[in-house]
Amino acid sequence: MGGNAISRQAGTVMLHRGVLTGLFACVLACLIVVQSSTNAEARTYDEVKAEVNAVLKDPNCRSKEFIDGLIKEVNQIVYTMRHGILPDVLFRSRSKHSIPNPATAVAGDDVILTRLAAHLPEKICPPLPPPEPVKRYFIGEPPGRYKRQDEERQEIGLRNRPNGGPRTELASWTGPFIGAQAAGSFSTLTTSEYFAATGVRTNQFDDTGSGFGGGVNFGWNWQPWNPSIVVGVVFDVNGLNDKVRHDFAGGSYIGATVNFTASAQVRGGVLVTPNFLLYGQGGLSVANQQLQIDFGGPETNESKIVPGSNLGFGGEWKLPTNPLPFGRSMSLFADYSHTWWDTARLDMPVASPFFNYTWQRETDAVKFGARINWGDGPPR
């Protein structure tokens, strides 16, 4: 009886030991499986150290997220090296190199890796600087607007529109110009005859005539006070055939023909729009007049240079394109002028030796032409 009891008791103990051993083996197998699956995607100490070194030696920066992830991975490996308690087999990675535990780690490896990782934050890319605030400045009188400082502006400046709106950038009208024009004229002529011995007027004729021709012009513009104000000088020479004649029965006549004119004028104007100038002008003129008398006998045909003064107005439009080479701009203009000519006089001409004659002319002229603006560059 006693022997059987002892046998049963020993069997029970053996059974318990077998069960415990089996349970331990199962737990150990589970740990091995779990650890193996966890480390299937983990990297070894050598791999992580190599990447840390590569990042530190690379001149390029890294994102903060990348550096934070690498530091976290370093900390996990260092922690495992310092506190790991499982056998080396549980730290086996896919590269088949062991991550050492405290019993097998090379002394100081954890410190080396920690010191290397301490420099990783230096490789984080610096944050982008904040955008500079947009500077604005006020344009015009109310209700004007604020304009970005970096918007394109003309060097010549800005002007206020009459309605108080935003300023408008103006093209430059400063500099020399040269051009050509077609000219048409309409003249009135008063011809007077005086008896030479007494000075008594014996005849007077009022006649009209017209002519057409062309010429050249040149000058210079300035904008000295305000970009919207233009002043300048202009010179022109025109060839005309402005003929006025009083005819008598039988084919005789008396008259005068203007062959050419020249003028020097000053002008001033306002830019109604950035490319359109409205101006007034005035100055001095000279004309070559051919004085003619034919009363059926000897003829008189004598040339006289006659001075005069003129006054007029016009408009000039600068083309918005740049059709000419060398960066020059072109403008078109049209103007009107009235000229008062001094009296032309012939005393006792061959055709009528006992009389003196005077010719008093006034001329209205219209000109259309184009100019090359030689100093201002292309239109803006």
# chains A, B, ... in the order shown; residues from 1 in each chain; ligands from 1
>>> residues_around(residues="segment 207-212 of chain A", least_positions_apart="6", cutoff="8 Å", atoms="only C-alpha atoms", output="VMD selection string")
chain A and resid 182 to 190 240 to 246
>>> write_last_selection(atoms="C-alpha atoms", output="compact mmCIF listing (two decimals), in the first residue's frame")
# COMPACT_ATOMS: atom_id res chain seq x y z
CA ALA A 182 2.07 116.91 -96.16
CA ALA A 183 0.77 120.47 -96.11
CA GLY A 184 -2.22 122.20 -97.59
CA SER A 185 -2.79 125.96 -97.50
CA PHE A 186 -5.55 128.47 -98.18
CA SER A 187 -4.62 132.15 -98.56
CA THR A 188 -6.36 135.49 -98.85
CA LEU A 189 -4.47 138.26 -100.65
CA THR A 190 -5.16 141.96 -100.76
CA LEU A 240 4.18 124.92 -101.62
CA ASN A 241 2.57 126.28 -104.72
CA ASP A 242 0.12 128.60 -103.03
CA LYS A 243 -0.97 130.84 -105.88
CA VAL A 244 -3.36 133.80 -105.63
CA ARG A 245 -4.04 135.83 -108.77
CA HIS A 246 -6.42 138.56 -109.92
>>> select_by_dssp(residues="segment 144-331 of chain A", states="helix (DSSP H, G or I)", output="number ranges by chain")
A: 249-251, 325-327
>>> residues_around(residues="Asp342 of chain A", least_positions_apart="3", cutoff="8 Å", atoms="only C-alpha atoms", output="PyMOL selection string")
chain A and resi 306-308+360-361
>>> residues_around(residues="segment 332-338 of chain A", least_positions_apart="5", cutoff="7 Å", atoms="only C-alpha atoms", output="NGL selection string")
:A and (310-318 or 363-371)
>>> closest_residue(among="A:Gly283, A:Gly250, A:Gly239, A:Pro298", to="Gly213 of chain A", atoms="only C-alpha atoms")
A:Gly239
>>> closest_residue(among="A:Gln76, A:Val111, A:Tyr357, A:Ile305", to="Gln204 of chain A", atoms="only C-alpha atoms")
A:Tyr357
>>> select_by_dssp(residues="segment 213-347 of chain A", states="strand (DSSP E or B)", output="number ranges by chain")
A: 213-222, 229-247, 253-273, 276-294, 299-318, 329-341, 344-347
>>> closest_residue(among="A:Gly251, A:Pro131, A:Gly69, A:Gly179", to="Ser331 of chain A", atoms="only C-alpha atoms")
A:Gly179
>>> atom_distance(atom1="atom CA of Glu193 of chain A", atom2="atom CA of Ser285 of chain A")
25.8 Å
>>> atom_distance(atom1="atom CA of Asn259 of chain A", atom2="atom CA of Tyr194 of chain A")
25.9 Å
>>> atom_distance(atom1="atom CA of Asn217 of chain A", atom2="atom CA of Val258 of chain A")
18.7 Å
>>> residues_around(residues="Phe248 of chain A", least_positions_apart="3", cutoff="12 Å", atoms="only C-alpha atoms", output="PyMOL selection string")
chain A and resi 205+245+251-255+293-296
>>> write_last_selection(atoms="C-alpha atoms", output="mmCIF file, in the first residue's frame")
data_model
loop_
_atom_site.group_PDB
_atom_site.id
_atom_site.type_symbol
_atom_site.label_atom_id
_atom_site.label_comp_id
_atom_site.auth_asym_id
_atom_site.auth_seq_id
_atom_site.Cartn_x
_atom_site.Cartn_y
_atom_site.Cartn_z
ATOM 1 C CA PHE A 205 -8.221 143.623 -105.182
ATOM 2 C CA ARG A 245 -4.044 135.829 -108.768
ATOM 3 C CA GLY A 251 -5.485 137.611 -120.063
ATOM 4 C CA SER A 252 -3.589 140.162 -117.997
ATOM 5 C CA TYR A 253 -3.237 139.575 -114.248
ATOM 6 C CA ILE A 254 -1.558 140.568 -110.997
ATOM 7 C CA GLY A 255 -0.830 138.126 -108.165
ATOM 8 C CA ILE A 293 2.423 141.576 -112.873
ATOM 9 C CA ASP A 294 1.372 141.138 -116.497
ATOM 10 C CA PHE A 295 -0.648 143.962 -118.025
ATOM 11 C CA GLY A 296 -0.021 142.932 -121.638
#
>>> closest_residue(among="A:Pro121, A:Ala264, A:Val286, A:Ile112", to="Trp340 of chain A", atoms="only C-alpha atoms")
A:Val286
